[in-house]
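Shown next: final-v9.cif, given as mmCIF, C-alpha atoms.
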```
data_my_file
#
loop_
_atom_site.label_atom_id
_atom_site.label_comp_id
_atom_site.auth_asym_id
_atom_site.auth_seq_id
_atom_site.Cartn_x
_atom_site.Cartn_y
_atom_site.Cartn_z
CA MET A 62 28.90 9.14 66.74
CA THR A 63 28.68 5.65 65.45
CA SER A 64 25.83 4.33 63.45
CA ARG A 65 24.72 0.82 63.49
CA VAL A 66 23.45 -0.91 60.40
CA THR A 67 21.79 -4.24 60.80
CA VAL A 68 21.80 -6.68 57.95
CA ASP A 69 19.09 -9.25 57.62
CA PRO A 70 20.75 -12.57 56.68
CA ASP A 71 17.59 -13.73 54.78
CA ALA A 72 17.25 -10.54 52.72
CA GLY A 73 19.30 -11.90 49.80
CA ARG A 74 17.29 -15.09 49.66
CA ARG A 75 13.97 -13.24 49.72
CA ARG A 76 15.03 -11.10 46.82
CA THR A 77 16.16 -14.15 44.93
CA ARG A 78 12.91 -16.01 45.59
CA ARG A 79 10.88 -12.91 44.75
CA ASN A 80 12.79 -12.44 41.50
CA ALA A 81 12.40 -16.11 40.63
CA LEU A 82 8.63 -15.94 41.26
CA ARG A 83 8.39 -12.80 39.13
CA ALA A 84 10.32 -14.45 36.31
CA LEU A 85 8.11 -17.52 36.56
CA GLY A 86 4.98 -15.35 36.43
CA VAL A 87 6.25 -13.40 33.41
CA SER A 88 7.16 -16.66 31.65
CA ALA A 89 3.70 -18.12 32.33
CA LEU A 90 2.07 -14.95 30.99
CA ALA A 91 4.25 -15.04 27.87
CA LEU A 92 3.34 -18.68 27.25
CA ALA A 93 -0.35 -17.87 27.62
CA VAL A 94 -0.21 -14.89 25.25
CA ALA A 95 2.15 -16.39 22.62
CA PRO A 96 -0.49 -18.45 20.73
CA VAL A 97 -2.77 -15.42 20.44
CA VAL A 98 0.04 -13.25 19.11
CA ALA A 99 1.20 -16.00 16.72
CA ALA A 100 -2.30 -16.44 15.33
CA ALA A 101 -2.67 -12.71 14.71
CA TRP A 102 0.80 -12.26 13.22
CA PRO A 103 0.84 -12.15 9.41
CA ARG A 104 2.94 -14.96 8.04
CA ARG A 105 4.32 -15.90 4.71
CA SER A 106 3.60 -19.29 3.30
CA ALA A 107 6.35 -21.86 3.56
CA ARG A 108 5.28 -22.98 0.10
CA PRO A 109 7.28 -21.44 -2.73
CA GLU A 110 5.41 -18.88 -4.79
CA GLU A 111 3.94 -20.55 -7.81
CA SER A 112 4.21 -19.05 -11.24
CA ASP A 113 2.91 -20.01 -14.65
CA PHE A 114 4.86 -22.74 -16.42
CA ASP A 115 5.44 -23.83 -20.01
CA GLU A 116 7.93 -26.61 -20.57
CA THR A 117 8.57 -29.95 -22.21
CA TYR A 118 8.70 -32.73 -19.66
CA ARG A 119 9.44 -36.33 -20.69
CA GLY A 120 8.36 -35.64 -24.25
CA HIS A 121 5.07 -33.93 -23.33
CA ARG A 122 4.40 -30.21 -23.57
CA ILE A 123 2.98 -29.03 -20.25
CA ARG A 124 1.53 -25.58 -19.67
CA GLY A 125 -0.08 -24.08 -16.64
CA ALA A 126 -1.45 -20.63 -15.87
CA GLN A 127 -3.29 -19.38 -12.85
CA ALA A 128 -6.85 -18.44 -13.78
CA HIS A 129 -7.88 -15.02 -12.56
CA ALA A 130 -10.90 -14.57 -10.30
CA GLY A 131 -14.03 -14.58 -12.41
CA GLN A 132 -12.26 -16.13 -15.39
CA ALA A 133 -13.68 -19.47 -16.46
CA ALA A 134 -11.23 -22.27 -15.87
CA TYR A 135 -10.57 -24.83 -18.56
CA LEU A 136 -13.48 -25.76 -20.83
CA GLY A 137 -15.73 -23.13 -19.30
CA ALA A 138 -16.02 -24.86 -15.92
CA ARG A 139 -15.43 -22.64 -12.92
CA THR A 140 -13.02 -24.00 -10.37
CA PRO A 141 -13.49 -22.91 -6.76
CA GLY A 142 -10.45 -21.78 -4.82
CA VAL A 143 -8.15 -18.86 -4.49
CA HIS A 144 -5.99 -19.56 -7.54
CA PRO A 145 -7.43 -22.19 -9.86
CA TRP A 146 -5.15 -23.43 -12.60
CA ASP A 147 -5.64 -23.88 -16.33
CA VAL A 148 -3.29 -26.78 -17.11
CA THR A 149 -2.77 -28.61 -20.40
CA VAL A 150 -0.65 -31.58 -21.40
CA ASP A 151 0.04 -31.60 -25.13
CA GLY A 152 -2.76 -29.07 -25.56
CA ARG A 153 -5.33 -31.23 -23.75
CA PRO A 154 -6.75 -30.09 -20.41
CA LEU A 155 -5.59 -31.68 -17.16
CA HIS A 156 -7.87 -31.05 -14.21
CA LEU A 157 -6.07 -30.23 -10.96
CA MET A 158 -7.88 -30.22 -7.65
CA ARG A 159 -6.79 -28.10 -4.72
CA ARG A 160 -6.92 -29.80 -1.34
CA ALA A 161 -7.74 -28.06 1.93
CA ASP A 162 -4.07 -28.14 2.96
CA GLY A 163 -3.09 -26.25 -0.21
CA THR A 164 -1.62 -29.20 -2.08
CA TYR A 165 -2.77 -30.42 -5.50
CA LEU A 166 -3.86 -33.69 -7.01
CA SER A 167 -4.69 -34.47 -10.60
CA MET A 168 -7.31 -36.54 -12.39
CA ILE A 169 -4.56 -38.99 -13.38
CA ASP A 170 -2.85 -39.39 -10.00
CA HIS A 171 -5.49 -38.68 -7.38
CA TYR A 172 -4.05 -40.90 -4.65
CA ARG A 173 -1.14 -38.62 -3.88
CA SER A 174 -0.94 -34.86 -3.42
CA TYR A 175 1.83 -32.49 -4.48
CA PRO A 176 2.90 -29.11 -3.08
CA THR A 177 2.68 -27.22 -6.39
CA ALA A 178 0.63 -27.38 -9.57
CA LEU A 179 3.80 -27.99 -11.59
CA GLU A 180 4.74 -31.02 -9.49
CA ALA A 181 1.21 -32.44 -9.79
CA THR A 182 1.35 -31.95 -13.56
CA ARG A 183 4.74 -33.65 -13.82
CA ALA A 184 3.44 -36.58 -11.75
CA ALA A 185 0.49 -36.92 -14.13
CA VAL A 186 2.91 -37.01 -17.08
CA ASP A 187 4.93 -39.68 -15.27
CA GLU A 188 1.73 -41.75 -14.98
CA LEU A 189 0.91 -41.19 -18.66
CA GLY A 190 4.24 -42.46 -19.85
CA ALA A 191 5.38 -42.38 -23.46
CA GLY A 192 2.88 -42.63 -26.31
CA ARG A 193 -0.23 -41.99 -24.20
CA HIS A 194 -2.21 -38.77 -24.22
CA LEU A 195 -5.05 -37.26 -22.25
CA ARG A 196 -8.44 -37.33 -23.87
CA VAL A 197 -11.56 -35.37 -23.05
CA ALA A 198 -14.86 -37.20 -23.32
CA ALA A 199 -18.04 -35.48 -24.44
CA MET A 200 -19.73 -33.20 -21.93
CA VAL A 201 -22.56 -35.02 -20.16
CA GLU A 202 -25.08 -32.88 -18.29
CA GLY A 203 -22.53 -30.13 -17.67
CA ALA A 204 -19.83 -32.46 -16.34
CA VAL A 205 -16.57 -32.92 -18.17
CA GLY A 206 -15.26 -36.47 -18.50
CA HIS A 207 -11.56 -37.27 -18.61
CA GLY A 208 -9.45 -40.24 -19.43
CA LEU A 209 -6.37 -41.61 -21.08
CA HIS A 210 -5.90 -42.30 -24.74
CA ALA A 211 -3.25 -44.61 -26.14
#
```

Show how you would write the structure in this file as structure tokens.
Amino acid sequence: MTSRVTVDPDAGRRRTRRNALRALGVSALALAVAPVVAAAWPRRSARPEESDFDETYRGHRIRGAQAHAGQAAYLGARTPGVHPWDVTVDGRPLHLMRRADGTYLSMIDHYRSYPTALEATRAAVDELGAGRHLRVAAMVEGAVGHGLHA
């Protein structure tokens, strides 16, 4: 007895097209779901972890420590933000402001932002130059004034 098997010449192409359509559908689904998964995925900051600093930079003693939640920042003023900084240059307070993107600017150089508090402090010292020091003006209606002193 002989058996006859018939082969459909288009069967290979149909499987190929079907597989291609499946792959395209899976890819489209993955592209649609990827942003949701990426948003929910915990990520580490690309910014290096900041730590307290105490160093001499260009002849000025700079110190910085992260203030703990609930602790009054420099001169008794509370600074909003996750990790406010208590920073001094030669023992005098330097006010750093945290921007929405996580960078810092200082009261001396407030036209440019820096990725870390240390870099912002060093930039302020660069602006001060040699022989100039920070000064703190008298408190006026709860606000602290700042400036330079030759």

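With only C-alpha atoms as the atoms that count, the minimum distance from Arg183 (chain A) to the choices A:Gln127, A:Arg196, A:Arg119, A:Thr164 is reached by A:Arg119.
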
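Each of A:Arg83, A:Ala126, A:Tyr118, A:Pro96 was checked against Ala184 (chain A) using all atoms listed in the file; the smallest atom-to-atom distance is that of A:Tyr118.
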
Expand the PyMOL selection byres ((chain A and resi 157) around 9) into the explicit residue set it covers here, and present it as a PDB file with C-alpha atoms, keeping the file's coordinate frame.
```pdb
ATOM      1  CA  PRO A 145      -7.430 -22.190  -9.860  1.00  0.00           C
ATOM      2  CA  TRP A 146      -5.150 -23.430 -12.600  1.00  0.00           C
ATOM      3  CA  ASP A 147      -5.640 -23.880 -16.330  1.00  0.00           C
ATOM      4  CA  VAL A 148      -3.290 -26.780 -17.110  1.00  0.00           C
ATOM      5  CA  LEU A 155      -5.590 -31.680 -17.160  1.00  0.00           C
ATOM      6  CA  HIS A 156      -7.870 -31.050 -14.210  1.00  0.00           C
ATOM      7  CA  MET A 158      -7.880 -30.220  -7.650  1.00  0.00           C
ATOM      8  CA  ARG A 159      -6.790 -28.100  -4.720  1.00  0.00           C
ATOM      9  CA  TYR A 165      -2.770 -30.420  -5.500  1.00  0.00           C
ATOM     10  CA  LEU A 166      -3.860 -33.690  -7.010  1.00  0.00           C
ATOM     11  CA  SER A 167      -4.690 -34.470 -10.600  1.00  0.00           C
ATOM     12  CA  MET A 168      -7.310 -36.540 -12.390  1.00  0.00           C
ATOM     13  CA  ALA A 178       0.630 -27.380  -9.570  1.00  0.00           C
ATOM     14  CA  ALA A 181       1.210 -32.440  -9.790  1.00  0.00           C
ATOM     15  CA  THR A 182       1.350 -31.950 -13.560  1.00  0.00           C
TER      16      THR A 182
END
```

Kindly provide, as AutoDock Vina command-line options, the centre and edge lengths (Å, one decimal) of an axis-aligned box around all atoms of region 161-165 of chain A given in the file, with 8 Å on each side.
```
--center_x -4.7 --center_y -28.3 --center_z -1.3 --size_x 22.1 --size_y 20.2 --size_z 24.5
```

Decode the PyMOL selection byres ((chain A and resi 186) around 12) for the given file into explicit residues and return them as a PDB file with C-alpha atoms, in the coordinates of the input.
```pdb
ATOM      1  CA  THR A 117       8.570 -29.950 -22.210  1.00  0.00           C
ATOM      2  CA  TYR A 118       8.700 -32.730 -19.660  1.00  0.00           C
ATOM      3  CA  ARG A 119       9.440 -36.330 -20.690  1.00  0.00           C
ATOM      4  CA  GLY A 120       8.360 -35.640 -24.250  1.00  0.00           C
ATOM      5  CA  HIS A 121       5.070 -33.930 -23.330  1.00  0.00           C
ATOM      6  CA  ARG A 122       4.400 -30.210 -23.570  1.00  0.00           C
ATOM      7  CA  ILE A 123       2.980 -29.030 -20.250  1.00  0.00           C
ATOM      8  CA  ARG A 124       1.530 -25.580 -19.670  1.00  0.00           C
ATOM      9  CA  VAL A 148      -3.290 -26.780 -17.110  1.00  0.00           C
ATOM     10  CA  THR A 149      -2.770 -28.610 -20.400  1.00  0.00           C
ATOM     11  CA  VAL A 150      -0.650 -31.580 -21.400  1.00  0.00           C
ATOM     12  CA  ASP A 151       0.040 -31.600 -25.130  1.00  0.00           C
ATOM     13  CA  LEU A 155      -5.590 -31.680 -17.160  1.00  0.00           C
ATOM     14  CA  SER A 167      -4.690 -34.470 -10.600  1.00  0.00           C
ATOM     15  CA  MET A 168      -7.310 -36.540 -12.390  1.00  0.00           C
ATOM     16  CA  ILE A 169      -4.560 -38.990 -13.380  1.00  0.00           C
ATOM     17  CA  ASP A 170      -2.850 -39.390 -10.000  1.00  0.00           C
ATOM     18  CA  LEU A 179       3.800 -27.990 -11.590  1.00  0.00           C
ATOM     19  CA  GLU A 180       4.740 -31.020  -9.490  1.00  0.00           C
ATOM     20  CA  ALA A 181       1.210 -32.440  -9.790  1.00  0.00           C
ATOM     21  CA  THR A 182       1.350 -31.950 -13.560  1.00  0.00           C
ATOM     22  CA  ARG A 183       4.740 -33.650 -13.820  1.00  0.00           C
ATOM     23  CA  ALA A 184       3.440 -36.580 -11.750  1.00  0.00           C
ATOM     24  CA  ALA A 185       0.490 -36.920 -14.130  1.00  0.00           C
ATOM     25  CA  ASP A 187       4.930 -39.680 -15.270  1.00  0.00           C
ATOM     26  CA  GLU A 188       1.730 -41.750 -14.980  1.00  0.00           C
ATOM     27  CA  LEU A 189       0.910 -41.190 -18.660  1.00  0.00           C
ATOM     28  CA  GLY A 190       4.240 -42.460 -19.850  1.00  0.00           C
ATOM     29  CA  ALA A 191       5.380 -42.380 -23.460  1.00  0.00           C
ATOM     30  CA  GLY A 192       2.880 -42.630 -26.310  1.00  0.00           C
ATOM     31  CA  ARG A 193      -0.230 -41.990 -24.200  1.00  0.00           C
ATOM     32  CA  HIS A 194      -2.210 -38.770 -24.220  1.00  0.00           C
ATOM     33  CA  LEU A 195      -5.050 -37.260 -22.250  1.00  0.00           C
ATOM     34  CA  LEU A 209      -6.370 -41.610 -21.080  1.00  0.00           C
TER      35      LEU A 209
END
```
